[in-house]
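Q: Sending over upload.pdb (PDB, C-alpha atoms).
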ATOM      1  CA  MET A   1      35.488 -70.476 -54.286
ATOM      2  CA  MET A   2      35.727 -67.027 -55.843
ATOM      3  CA  LEU A   3      32.503 -66.025 -54.050
ATOM      4  CA  ALA A   4      33.978 -67.057 -50.716
ATOM      5  CA  ARG A   5      37.075 -64.965 -51.329
ATOM      6  CA  VAL A   6      35.029 -61.940 -52.290
ATOM      7  CA  CYS A   7      32.923 -62.217 -49.144
ATOM      8  CA  ARG A   8      35.969 -62.722 -46.960
ATOM      9  CA  SER A   9      37.832 -59.836 -48.488
ATOM     10  CA  SER A  10      34.866 -57.467 -48.071
ATOM     11  CA  ILE A  11      34.796 -57.980 -44.309
ATOM     12  CA  SER A  12      37.155 -55.547 -42.587
ATOM     13  CA  PRO A  13      39.551 -56.717 -39.850
ATOM     14  CA  ASN A  14      37.927 -54.326 -37.343
ATOM     15  CA  LEU A  15      34.584 -55.926 -37.891
ATOM     16  CA  VAL A  16      36.079 -59.394 -37.431
ATOM     17  CA  ASN A  17      37.659 -58.340 -34.134
ATOM     18  CA  LEU A  18      34.372 -56.839 -33.025
ATOM     19  CA  LEU A  19      32.564 -60.081 -33.735
ATOM     20  CA  LYS A  20      35.167 -62.098 -31.881
ATOM     21  CA  THR A  21      35.109 -59.821 -28.825
ATOM     22  CA  PRO A  22      32.628 -61.056 -26.203
ATOM     23  CA  ILE A  23      29.786 -58.672 -25.291
ATOM     24  CA  ASN A  24      29.955 -57.327 -21.747
ATOM     25  CA  SER A  25      26.336 -57.149 -20.690
ATOM     26  CA  LYS A  26      25.203 -54.932 -17.828
ATOM     27  CA  PRO A  27      24.886 -56.637 -14.505
ATOM     28  CA  PHE A  28      21.445 -57.971 -13.870
ATOM     29  CA  ILE A  29      19.562 -56.170 -11.122
ATOM     30  CA  PRO A  30      16.739 -58.107  -9.568
ATOM     31  CA  ARG A  31      13.303 -56.512  -9.486
ATOM     32  CA  ILE A  32      13.247 -56.287  -5.701
ATOM     33  CA  GLN A  33      16.619 -54.545  -5.612
ATOM     34  CA  SER A  34      15.570 -52.007  -8.296
ATOM     35  CA  THR A  35      12.414 -51.245  -6.323
ATOM     36  CA  ARG A  36      14.550 -50.562  -3.266
ATOM     37  CA  LEU A  37      16.757 -48.238  -5.302
ATOM     38  CA  PHE A  38      13.737 -46.261  -6.536
ATOM     39  CA  ALA A  39      12.373 -46.081  -2.995
ATOM     40  CA  ASN A  40      15.703 -44.774  -1.687
ATOM     41  CA  ASP A  41      15.788 -42.148  -4.459
ATOM     42  CA  GLY A  42      12.278 -41.013  -3.529
ATOM     43  CA  ARG A  43      13.164 -40.742   0.138
ATOM     44  CA  SER A  44      16.313 -38.750  -0.620
ATOM     45  CA  THR A  45      14.387 -36.387  -2.947
ATOM     46  CA  PHE A  46      11.680 -35.870  -0.320
ATOM     47  CA  ALA A  47      14.312 -35.269   2.343
ATOM     48  CA  ARG A  48      16.069 -32.683   0.169
ATOM     49  CA  SER A  49      12.770 -30.856  -0.540
ATOM     50  CA  THR A  50      11.868 -30.973   3.145
ATOM     51  CA  ARG A  51      15.230 -29.517   4.117
ATOM     52  CA  LYS A  52      14.771 -26.787   1.481
ATOM     53  CA  SER A  53      11.276 -25.855   2.672
ATOM     54  CA  THR A  54      12.430 -25.877   6.254
ATOM     55  CA  SER A  55      15.265 -23.552   5.400
ATOM     56  CA  LEU A  56      12.856 -21.135   3.679
ATOM     57  CA  SER A  57      10.562 -21.096   6.683
ATOM     58  CA  GLU A  58      13.511 -20.622   8.975
ATOM     59  CA  GLN A  59      14.710 -17.714   6.869
ATOM     60  CA  ALA A  60      11.253 -16.120   6.967
ATOM     61  CA  MET A  61      11.020 -16.468  10.749
ATOM     62  CA  ALA A  62      14.645 -15.537  11.412
ATOM     63  CA  PRO A  63      15.355 -12.461  13.538
ATOM     64  CA  ALA A  64      14.825  -9.249  11.634
ATOM     65  CA  GLY A  65      17.761  -7.174  10.480
ATOM     66  CA  GLU A  66      18.073  -3.600   9.334
ATOM     67  CA  THR A  67      17.806  -4.350   5.605
ATOM     68  CA  ALA A  68      14.043  -3.871   5.249
ATOM     69  CA  PHE A  69      14.032  -0.661   7.295
ATOM     70  CA  THR A  70      17.047   0.705   5.426
ATOM     71  CA  ILE A  71      15.346   0.094   2.077
ATOM     72  CA  GLY A  72      12.148   1.705   3.369
ATOM     73  CA  LYS A  73      14.003   4.788   4.552
ATOM     74  CA  GLY A  74      15.744   4.982   1.199
ATOM     75  CA  VAL A  75      12.407   4.867  -0.628
ATOM     76  CA  VAL A  76      11.019   7.656   1.559
ATOM     77  CA  ALA A  77      14.173   9.734   1.082
ATOM     78  CA  GLY A  78      13.967   9.260  -2.682
ATOM     79  CA  GLY A  79      10.306  10.245  -2.649
ATOM     80  CA  ALA A  80      11.142  13.357  -0.642
ATOM     81  CA  VAL A  81      13.820  14.370  -3.138
ATOM     82  CA  ILE A  82      11.413  13.870  -6.049
ATOM     83  CA  GLY A  83       8.729  15.827  -4.198
ATOM     84  CA  LEU A  84      11.030  18.762  -3.514
ATOM     85  CA  GLY A  85      12.237  18.711  -7.104
ATOM     86  CA  SER A  86       8.655  18.694  -8.378
ATOM     87  CA  LEU A  87       7.770  21.530  -6.026
ATOM     88  CA  CYS A  88      10.599  23.648  -7.387
ATOM     89  CA  TYR A  89       9.910  22.662 -10.988
ATOM     90  CA  TYR A  90       6.176  23.294 -11.008
ATOM     91  CA  GLY A  91       6.097  25.940  -8.291
ATOM     92  CA  LEU A  92       8.591  28.191 -10.063
ATOM     93  CA  GLY A  93       6.731  27.856 -13.354
ATOM     94  CA  LEU A  94       9.474  25.936 -15.154
ATOM     95  CA  SER A  95       7.026  23.504 -16.732
ATOM     96  CA  PRO A  96       6.081  24.339 -20.345
ATOM     97  CA  SER A  97       2.478  23.202 -19.732
ATOM     98  CA  MET A  98      -0.082  25.299 -17.931
ATOM     99  CA  GLY A  99      -1.141  24.159 -14.496
ATOM    100  CA  ALA A 100      -4.459  24.302 -12.700
ATOM    101  CA  ILE A 101      -3.460  27.537 -10.999
ATOM    102  CA  ASP A 102      -3.038  29.146 -14.419
ATOM    103  CA  TYR A 103      -6.655  28.369 -15.287
ATOM    104  CA  ALA A 104      -7.979  29.672 -11.957
ATOM    105  CA  LYS A 105      -8.543  33.133 -13.391
ATOM    106  CA  LEU A 106     -10.815  31.628 -16.038
ATOM    107  CA  TRP A 107     -12.933  29.590 -13.635
ATOM    108  CA  PRO A 108     -16.608  30.493 -13.256
ATOM    109  CA  GLN A 109     -17.720  31.459  -9.793
ATOM    110  CA  TYR A 110     -19.411  28.109  -9.130
ATOM    111  CA  VAL A 111     -16.109  26.256  -9.708
ATOM    112  CA  LYS A 112     -14.365  28.486  -7.180
ATOM    113  CA  ASP A 113     -17.222  27.960  -4.709
ATOM    114  CA  ARG A 114     -17.006  24.188  -5.095
ATOM    115  CA  ILE A 115     -13.286  24.065  -4.393
ATOM    116  CA  LYS A 116     -13.631  26.490  -1.496
ATOM    117  CA  THR A 117     -16.440  24.446   0.075
ATOM    118  CA  THR A 118     -14.480  21.219  -0.349
ATOM    119  CA  TYR A 119     -11.448  22.528   1.504
ATOM    120  CA  MET A 120     -13.634  24.100   4.178
ATOM    121  CA  TYR A 121     -15.034  20.625   4.869
ATOM    122  CA  LEU A 122     -11.476  19.264   4.880
ATOM    123  CA  GLY A 123     -10.372  21.739   7.532
ATOM    124  CA  ALA A 124     -13.547  21.158   9.547
ATOM    125  CA  SER A 125     -12.966  17.384   9.386
ATOM    126  CA  ILE A 126      -9.499  17.745  10.877
ATOM    127  CA  ILE A 127     -10.788  20.071  13.608
ATOM    128  CA  THR A 128     -13.680  17.701  14.422
ATOM    129  CA  SER A 129     -11.354  14.704  14.746
ATOM    130  CA  ALA A 130      -8.914  16.653  16.931
ATOM    131  CA  ALA A 131     -11.723  17.908  19.191
ATOM    132  CA  THR A 132     -13.176  14.390  19.525
ATOM    133  CA  ALA A 133      -9.752  12.969  20.403
ATOM    134  CA  ALA A 134      -9.271  15.674  23.056
ATOM    135  CA  MET A 135     -12.662  14.877  24.630
ATOM    136  CA  CYS A 136     -11.903  11.142  24.657
ATOM    137  CA  ILE A 137      -8.559  11.730  26.372
ATOM    138  CA  ARG A 138     -10.359  13.460  29.251
ATOM    139  CA  SER A 139     -12.605  10.431  29.847
ATOM    140  CA  PRO A 140     -10.879   7.334  31.330
ATOM    141  CA  THR A 141     -13.958   5.224  30.592
ATOM    142  CA  VAL A 142     -13.926   6.065  26.898
ATOM    143  CA  MET A 143     -10.164   5.525  26.694
ATOM    144  CA  SER A 144     -10.483   2.093  28.290
ATOM    145  CA  LEU A 145     -13.135   1.139  25.734
ATOM    146  CA  ILE A 146     -11.078   2.377  22.799
ATOM    147  CA  MET A 147      -7.852   0.724  23.962
ATOM    148  CA  ARG A 148      -9.293  -2.737  24.467
ATOM    149  CA  GLN A 149      -7.301  -5.512  22.829
ATOM    150  CA  GLY A 150      -8.488  -8.624  21.030
ATOM    151  CA  TRP A 151     -10.103  -9.654  17.794
ATOM    152  CA  LEU A 152     -13.546  -8.470  18.829
ATOM    153  CA  ALA A 153     -12.320  -4.959  19.586
ATOM    154  CA  MET A 154     -10.435  -4.819  16.287
ATOM    155  CA  PHE A 155     -13.481  -5.914  14.274
ATOM    156  CA  VAL A 156     -15.727  -3.446  16.105
ATOM    157  CA  SER A 157     -13.348  -0.569  15.391
ATOM    158  CA  LEU A 158     -13.002  -1.494  11.714
ATOM    159  CA  ALA A 159     -16.755  -1.952  11.337
ATOM    160  CA  SER A 160     -17.480   1.414  12.940
ATOM    161  CA  VAL A 161     -14.998   3.281  10.717
ATOM    162  CA  TRP A 162     -15.950   1.506   7.501
ATOM    163  CA  GLY A 163     -19.648   1.531   8.275
ATOM    164  CA  SER A 164     -19.758   5.251   8.999
ATOM    165  CA  GLY A 165     -17.705   5.921   5.856
ATOM    166  CA  ILE A 166     -20.028   3.865   3.642
ATOM    167  CA  LEU A 167     -23.044   5.602   5.148
ATOM    168  CA  LEU A 168     -21.480   8.995   4.490
ATOM    169  CA  GLN A 169     -20.651   8.180   0.869
ATOM    170  CA  SER A 170     -24.155   6.881   0.137
ATOM    171  CA  ILE A 171     -26.117   9.981   1.250
ATOM    172  CA  PRO A 172     -26.568  12.677  -1.445
ATOM    173  CA  TYR A 173     -25.227  16.104  -0.649
ATOM    174  CA  LYS A 174     -27.563  18.995   0.140
ATOM    175  CA  GLU A 175     -26.596  22.456   1.236
ATOM    176  CA  GLY A 176     -27.212  23.352   4.844
ATOM    177  CA  PHE A 177     -27.183  20.976   7.811
ATOM    178  CA  GLY A 178     -28.885  17.686   7.112
ATOM    179  CA  ALA A 179     -28.357  13.908   7.063
ATOM    180  CA  LYS A 180     -25.148  14.214   5.051
ATOM    181  CA  GLN A 181     -23.589  16.586   7.562
ATOM    182  CA  ILE A 182     -24.661  14.404  10.507
ATOM    183  CA  ALA A 183     -23.047  11.343   8.897
ATOM    184  CA  TRP A 184     -19.946  13.421   8.224
ATOM    185  CA  LEU A 185     -19.668  14.405  11.897
ATOM    186  CA  ILE A 186     -20.165  10.780  12.973
ATOM    187  CA  HIS A 187     -17.459   9.534  10.621
ATOM    188  CA  THR A 188     -14.840  12.160  11.470
ATOM    189  CA  GLY A 189     -15.673  11.897  15.175
ATOM    190  CA  THR A 190     -15.253   8.105  15.079
ATOM    191  CA  ILE A 191     -11.834   8.414  13.469
ATOM    192  CA  GLY A 192     -10.872  11.079  16.019
ATOM    193  CA  ALA A 193     -11.885   8.758  18.863
ATOM    194  CA  PHE A 194      -9.635   5.978  17.584
ATOM    195  CA  LEU A 195      -6.778   8.461  17.199
ATOM    196  CA  ALA A 196      -7.044   9.517  20.848
ATOM    197  CA  PRO A 197      -4.667   6.802  22.230
ATOM    198  CA  LEU A 198      -1.876   8.313  20.129
ATOM    199  CA  TYR A 199      -1.624  11.042  22.776
ATOM    200  CA  LEU A 200       0.076   8.475  25.016
ATOM    201  CA  PHE A 201       3.188   8.805  22.850
ATOM    202  CA  GLY A 202       3.535  12.309  24.213
ATOM    203  CA  GLY A 203       1.954  15.609  23.328
ATOM    204  CA  PRO A 204       5.136  17.222  21.930
ATOM    205  CA  LEU A 205       5.786  14.238  19.656
ATOM    206  CA  VAL A 206       2.197  14.248  18.360
ATOM    207  CA  LEU A 207       2.368  17.996  17.767
ATOM    208  CA  ARG A 208       5.656  17.575  15.942
ATOM    209  CA  ALA A 209       4.154  14.890  13.705
ATOM    210  CA  ALA A 210       1.192  17.184  13.031
ATOM    211  CA  TRP A 211       3.509  19.994  11.909
ATOM    212  CA  TYR A 212       5.442  17.626   9.662
ATOM    213  CA  THR A 213       2.171  16.402   8.181
ATOM    214  CA  ALA A 214       1.034  19.961   7.533
ATOM    215  CA  GLY A 215       4.290  20.660   5.698
ATOM    216  CA  VAL A 216       4.031  17.504   3.576
ATOM    217  CA  VAL A 217       0.369  18.084   2.735
ATOM    218  CA  GLY A 218       0.947  21.744   1.932
ATOM    219  CA  GLY A 219       3.904  21.010  -0.347
ATOM    220  CA  LEU A 220       2.100  18.225  -2.190
ATOM    221  CA  SER A 221      -0.989  20.377  -2.631
ATOM    222  CA  VAL A 222       1.121  23.111  -4.227
ATOM    223  CA  VAL A 223       2.668  20.525  -6.580
ATOM    224  CA  ALA A 224      -0.779  19.226  -7.580
ATOM    225  CA  ILE A 225      -2.124  22.736  -8.201
ATOM    226  CA  CYS A 226       0.871  23.920 -10.203
ATOM    227  CA  ALA A 227       1.270  20.722 -12.241
ATOM    228  CA  PRO A 228      -0.680  20.198 -15.495
ATOM    229  CA  ASN A 229      -4.348  19.368 -14.949
ATOM    230  CA  GLU A 230      -4.240  15.618 -15.595
ATOM    231  CA  LYS A 231      -0.606  14.986 -14.690
ATOM    232  CA  PHE A 232      -1.434  12.755 -11.704
ATOM    233  CA  LEU A 233      -4.893  11.559 -12.758
ATOM    234  CA  ASN A 234      -3.319   8.886 -14.960
ATOM    235  CA  MET A 235      -1.898   7.101 -11.894
ATOM    236  CA  GLY A 236      -5.248   5.623 -10.810
ATOM    237  CA  GLY A 237      -4.422   2.022 -11.783
ATOM    238  CA  PRO A 238      -0.941   1.809 -10.221
ATOM    239  CA  LEU A 239      -2.193   3.570  -7.086
ATOM    240  CA  ALA A 240      -4.997   1.034  -6.704
ATOM    241  CA  ILE A 241      -2.486  -1.824  -6.991
ATOM    242  CA  GLY A 242      -0.209  -0.139  -4.473
ATOM    243  CA  LEU A 243      -3.107   0.403  -2.083
ATOM    244  CA  GLY A 244      -3.937  -3.297  -2.229
ATOM    245  CA  LEU A 245      -0.300  -4.185  -1.533
ATOM    246  CA  VAL A 246      -0.088  -1.832   1.442
ATOM    247  CA  PHE A 247      -3.397  -3.135   2.817
ATOM    248  CA  ALA A 248      -2.257  -6.760   2.482
ATOM    249  CA  SER A 249       1.036  -5.896   4.190
ATOM    250  CA  SER A 250      -0.835  -4.179   7.021
ATOM    251  CA  VAL A 251      -2.990  -7.270   7.516
ATOM    252  CA  GLY A 252       0.122  -9.464   7.443
ATOM    253  CA  THR A 253       1.732  -7.486  10.259
ATOM    254  CA  ILE A 254      -1.137  -8.597  12.512
ATOM    255  CA  PHE A 255       0.006 -12.229  12.235
ATOM    256  CA  LEU A 256       3.752 -11.756  11.727
ATOM    257  CA  PRO A 257       5.582  -9.530  14.213
ATOM    258  CA  PRO A 258       8.188  -7.089  12.848
ATOM    259  CA  THR A 259      10.867  -8.913  14.854
ATOM    260  CA  THR A 260      10.987 -11.605  12.141
ATOM    261  CA  ALA A 261      12.540 -11.205   8.688
ATOM    262  CA  LEU A 262       9.251 -11.581   6.802
ATOM    263  CA  GLY A 263       7.362  -9.503   9.351
ATOM    264  CA  SER A 264       9.898  -6.678   9.123
ATOM    265  CA  GLY A 265       9.519  -6.642   5.337
ATOM    266  CA  LEU A 266       5.726  -6.411   5.572
ATOM    267  CA  TYR A 267       5.992  -3.754   8.271
ATOM    268  CA  SER A 268       8.395  -1.726   6.131
ATOM    269  CA  ILE A 269       6.022  -1.900   3.145
ATOM    270  CA  SER A 270       3.080  -0.849   5.310
ATOM    271  CA  LEU A 271       4.971   2.024   6.980
ATOM    272  CA  TYR A 272       7.364   3.515   4.445
ATOM    273  CA  GLY A 273       5.584   2.295   1.332
ATOM    274  CA  GLY A 274       2.292   3.516   2.766
ATOM    275  CA  LEU A 275       3.751   6.974   3.375
ATOM    276  CA  VAL A 276       4.848   7.258  -0.258
ATOM    277  CA  LEU A 277       1.569   5.784  -1.503
ATOM    278  CA  PHE A 278      -0.725   8.133   0.408
ATOM    279  CA  SER A 279       1.428  11.084  -0.615
ATOM    280  CA  MET A 280       0.827  10.128  -4.238
ATOM    281  CA  LEU A 281      -2.862   9.593  -3.500
ATOM    282  CA  LEU A 282      -2.973  13.139  -2.148
ATOM    283  CA  LEU A 283      -1.679  14.414  -5.496
ATOM    284  CA  TYR A 284      -4.267  12.307  -7.304
ATOM    285  CA  ASP A 285      -7.199  13.340  -5.087
ATOM    286  CA  THR A 286      -6.272  17.034  -5.253
ATOM    287  CA  GLN A 287      -6.342  17.079  -9.034
ATOM    288  CA  LYS A 288      -9.487  14.953  -8.992
ATOM    289  CA  ILE A 289     -11.244  17.619  -6.892
ATOM    290  CA  ILE A 290     -10.224  20.322  -9.370
ATOM    291  CA  LYS A 291     -11.336  18.275 -12.374
ATOM    292  CA  GLN A 292     -14.716  17.409 -10.840
ATOM    293  CA  ALA A 293     -15.286  21.024  -9.824
ATOM    294  CA  GLU A 294     -14.588  22.120 -13.391
ATOM    295  CA  ASN A 295     -16.490  19.426 -15.312
ATOM    296  CA  TYR A 296     -19.359  18.385 -13.051
ATOM    297  CA  PRO A 297     -22.636  19.714 -14.498
ATOM    298  CA  ALA A 298     -23.923  22.741 -12.638
ATOM    299  CA  TYR A 299     -27.585  22.413 -13.621
ATOM    300  CA  ASN A 300     -28.607  18.783 -13.935
ATOM    301  CA  GLN A 301     -31.731  17.713 -12.123
ATOM    302  CA  LEU A 302     -31.264  14.017 -12.976
ATOM    303  CA  ALA A 303     -27.728  13.594 -11.601
ATOM    304  CA  ARG A 304     -26.618  13.894  -7.993
ATOM    305  CA  PRO A 305     -25.236  17.343  -7.131
ATOM    306  CA  TYR A 306     -21.542  17.988  -6.720
ATOM    307  CA  ASP A 307     -20.501  16.512  -3.381
ATOM    308  CA  PRO A 308     -17.803  18.521  -1.579
ATOM    309  CA  VAL A 309     -18.062  16.296   1.503
ATOM    310  CA  ASN A 310     -17.062  13.072  -0.279
ATOM    311  CA  ASN A 311     -14.219  14.839  -2.064
ATOM    312  CA  ALA A 312     -13.011  16.350   1.190
ATOM    313  CA  ILE A 313     -13.125  12.960   2.951
ATOM    314  CA  SER A 314     -10.861  11.401   0.300
ATOM    315  CA  VAL A 315      -8.164  14.011   1.002
ATOM    316  CA  TYR A 316      -8.872  13.802   4.745
ATOM    317  CA  MET A 317      -8.128  10.053   4.782
ATOM    318  CA  ASP A 318      -4.866  10.696   2.920
ATOM    319  CA  VAL A 319      -3.895  13.270   5.550
ATOM    320  CA  VAL A 320      -4.761  10.902   8.416
ATOM    321  CA  ASN A 321      -2.693   8.060   6.950
ATOM    322  CA  ILE A 322       0.272  10.356   6.332
ATOM    323  CA  PHE A 323       0.052  11.643   9.914
ATOM    324  CA  LEU A 324      -0.080   8.128  11.375
ATOM    325  CA  ARG A 325       2.984   6.999   9.467
ATOM    326  CA  ILE A 326       5.015  10.106  10.256
ATOM    327  CA  LEU A 327       4.176   9.710  13.946
ATOM    328  CA  THR A 328       5.147   6.015  13.850
ATOM    329  CA  ILE A 329       8.484   6.844  12.219
ATOM    330  CA  LEU A 330       9.187   9.483  14.887
ATOM    331  CA  VAL A 331       8.280   7.062  17.677
ATOM    332  CA  ASN A 332      10.482   4.295  16.236
ATOM    333  CA  GLY A 333      13.353   6.740  15.849
ATOM    334  CA  GLY A 334      13.071   7.841  19.472
ATOM    335  CA  ASN A 335      12.941   4.260  20.743
ATOM    336  CA  ARG A 336      16.056   3.288  18.774
ATOM    337  CA  ARG A 337      18.015   6.249  20.132
ATOM    338  CA  LYS A 338      17.074   5.208  23.671
ATOM    339  CA  ASN A 339      18.274   1.684  23.002
TER     340      ASN A 339
END
Show this structure as structure tokens.
A:
Amino acid sequence: MMLARVCRSSISPNLVNLLKTPINSKPFIPRIQSTRLFANDGRSTFARSTRKSTSLSEQAMAPAGETAFTIGKGVVAGGAVIGLGSLCYYGLGLSPSMGAIDYAKLWPQYVKDRIKTTYMYLGASIITSAATAAMCIRSPTVMSLIMRQGWLAMFVSLASVWGSGILLQSIPYKEGFGAKQIAWLIHTGTIGAFLAPLYLFGGPLVLRAAWYTAGVVGGLSVVAICAPNEKFLNMGGPLAIGLGLVFASSVGTIFLPPTTALGSGLYSISLYGGLVLFSMLLLYDTQKIIKQAENYPAYNQLARPYDPVNNAISVYMDVVNIFLRILTILVNGGNRRKN
């Protein structure tokens, strides 16, 4: 009796009420109905993902706005400001470090001859390409061959430019007129032939772009000469990544027109980003020429001799790419004013 009282008194009233309250079990869902619910959830999830992917594709193929071109122009303007600031900083001798021009008085004669020969080949390359373009313009047959459209024509043009460039780079340099110089004329002449259709934009506009290019190249060359010796040689890795990005963007513009949102972004990277990139490559290649002229062994029978042609071609390709992009920007600006 006492045990029963102890047990009863130890049980709290809340627990007694809980035991007396009936348990409300969840409603039973048949297996077939639960399967239908899971199927409906899967269809709704798939529909939401499909709508999301469709919206992304629609955004990519939407009509292009001015955002990509505005950003590109801003990047070019910022690069121009930095370039002018660097020109004033290094050109006026405000840098505490000595530049390449400060060491020029200490160069041996063979270093001066190497740099002089390199830039003589650079000037001759530009003259050869201009003369070839002028001769092609006078021949309607050649112009019709160069201006052919289609995948076959594009592959032939790329193969001719790349093939002649690889052939030029592979031949060792020898003084005088030999196989290296013949390959050099073929390569620069081929590039000049493919530049000939640019004359259709108008002679004054092409000449204006050429003057702008000369000013940009001259200013950047002064910056590279007056800056410390290895100031821009440390940019090799980032420049290689940027070159790959610009190349991929240029390939993408073949498949996506600039009238779409994604196509306008790729076109802006290829045009404005390419202009900044090749300007920086010009700084890099200029200092690379100076460093190779200074450090390449003068008397080494086992190694290949110093090659002014290959060094000149690297700067020449930078100049060509800068000229093409400046001309394209001028043409686009004229077309927008007409519209």
Q: In Å, rounded to a single decimal, give me how far atom CA of A:Gly176 is from atom CA of A:Trp107.
A: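 Answer for the atom CA of A:Trp107 to atom CA of A:Gly176 separation: 24.2 Å.
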Q: Just the number, please: distance in Å from atom CA of A:Gln292 to atom CA of A:Asn229, one decimal.
A: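 That distance, rounded to one decimal, is 11.3 Å.
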Q: Which neighbours of stretch 203-209 of chain A fall inside 8 Å, counting all atoms listed in the file, when residues of the same chain fewer than 5 positions from it are skipped, and could you give them as a compact mmCIF listing (two decimals) with C-alpha atoms, in the coordinates of the input?
A:
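Wrote around_10.txt, looks like this:
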# COMPACT_ATOMS: atom_id res chain seq x y z
CA LEU A 198 -1.88 8.31 20.13
CA PHE A 323 0.05 11.64 9.91
CA ILE A 326 5.01 10.11 10.26
CA LEU A 327 4.18 9.71 13.95
CA LEU A 330 9.19 9.48 14.89
CA VAL A 331 8.28 7.06 17.68
Q: For the file shown, what are the residues hit by the PyMOL selection byres ((chain A and resi 170) around 12), laid out as a ChimeraX atom specification?
A: /A:163-169,171-173,179-180,183-184,304,307,309-310
Q: Excluding A:Leu281 and its own-chain neighbours fewer than 2 positions away, which residues fall within 12 Å of it when counting all atoms listed in the file? Please give them as a PyMOL selection string.
A: chain A and resi 217+220-221+224+232-243+274-279+283-288+314-319+321-322
Q: Just give me the gap between atom CA of A:Gly218 and atom CA of A:Met280 in Å, one decimal is fine.
A: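 Separating atom CA of A:Gly218 from atom CA of A:Met280 is a distance of 13.2 Å.
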Q: Using only C-alpha atoms, determine which residues lie at most 12 Å from A:Ile127, disregarding the query and same-chain residues fewer than 4 positions distant; provide the list as a list in words.
A: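 These residues fall inside the cut-off: Met120, Tyr121, Leu122, Gly123, Ala131, Thr132, Ala133, Ala134, Leu185, Thr188, Gly189, Ile191, Gly192 and Tyr316 of chain A.
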Q: Would you mind telling me which residue in A:Lys231, A:Val142, A:Phe247, A:Gly219 lies nearest to A:Pro197 when using all atoms listed in the file?
A: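 Looking at the shortest contact to A:Pro197, the residue is A:Val142.
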Q: For a quick check of understanding, using all atoms listed in the file, which of A:Lys291, A:Lys174, A:Arg114, A:His187 has the smallest distance to A:Ile225?
A: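 Selected residue with least distance to A:Ile225: A:Lys291.
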Q: Any chance you could work out the axis-aligned box around stretch 218-233 of chain A, listed atoms only, 3 Å on each side, giving centre and edge lengths in Å to one decimal, as AutoDock Vina command-line options?
A:
--center_x -0.5 --center_y 17.7 --center_z -6.8 --size_x 14.8 --size_y 18.4 --size_z 23.5
Q: From the list A:Leu145, A:Leu106, A:Ala77, A:Leu324, which residue is nearest A:Ser270 when using all atoms listed in the file?
A: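 Among A:Leu145, A:Leu106, A:Ala77, A:Leu324, it is A:Leu324 that comes nearest to A:Ser270.
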Q: When distances are computed from all atoms listed in the file, which of A:Leu158, A:Ile126, A:Val111, A:Leu84 shows the smallest separation from A:Ile290?
A: A:Val111
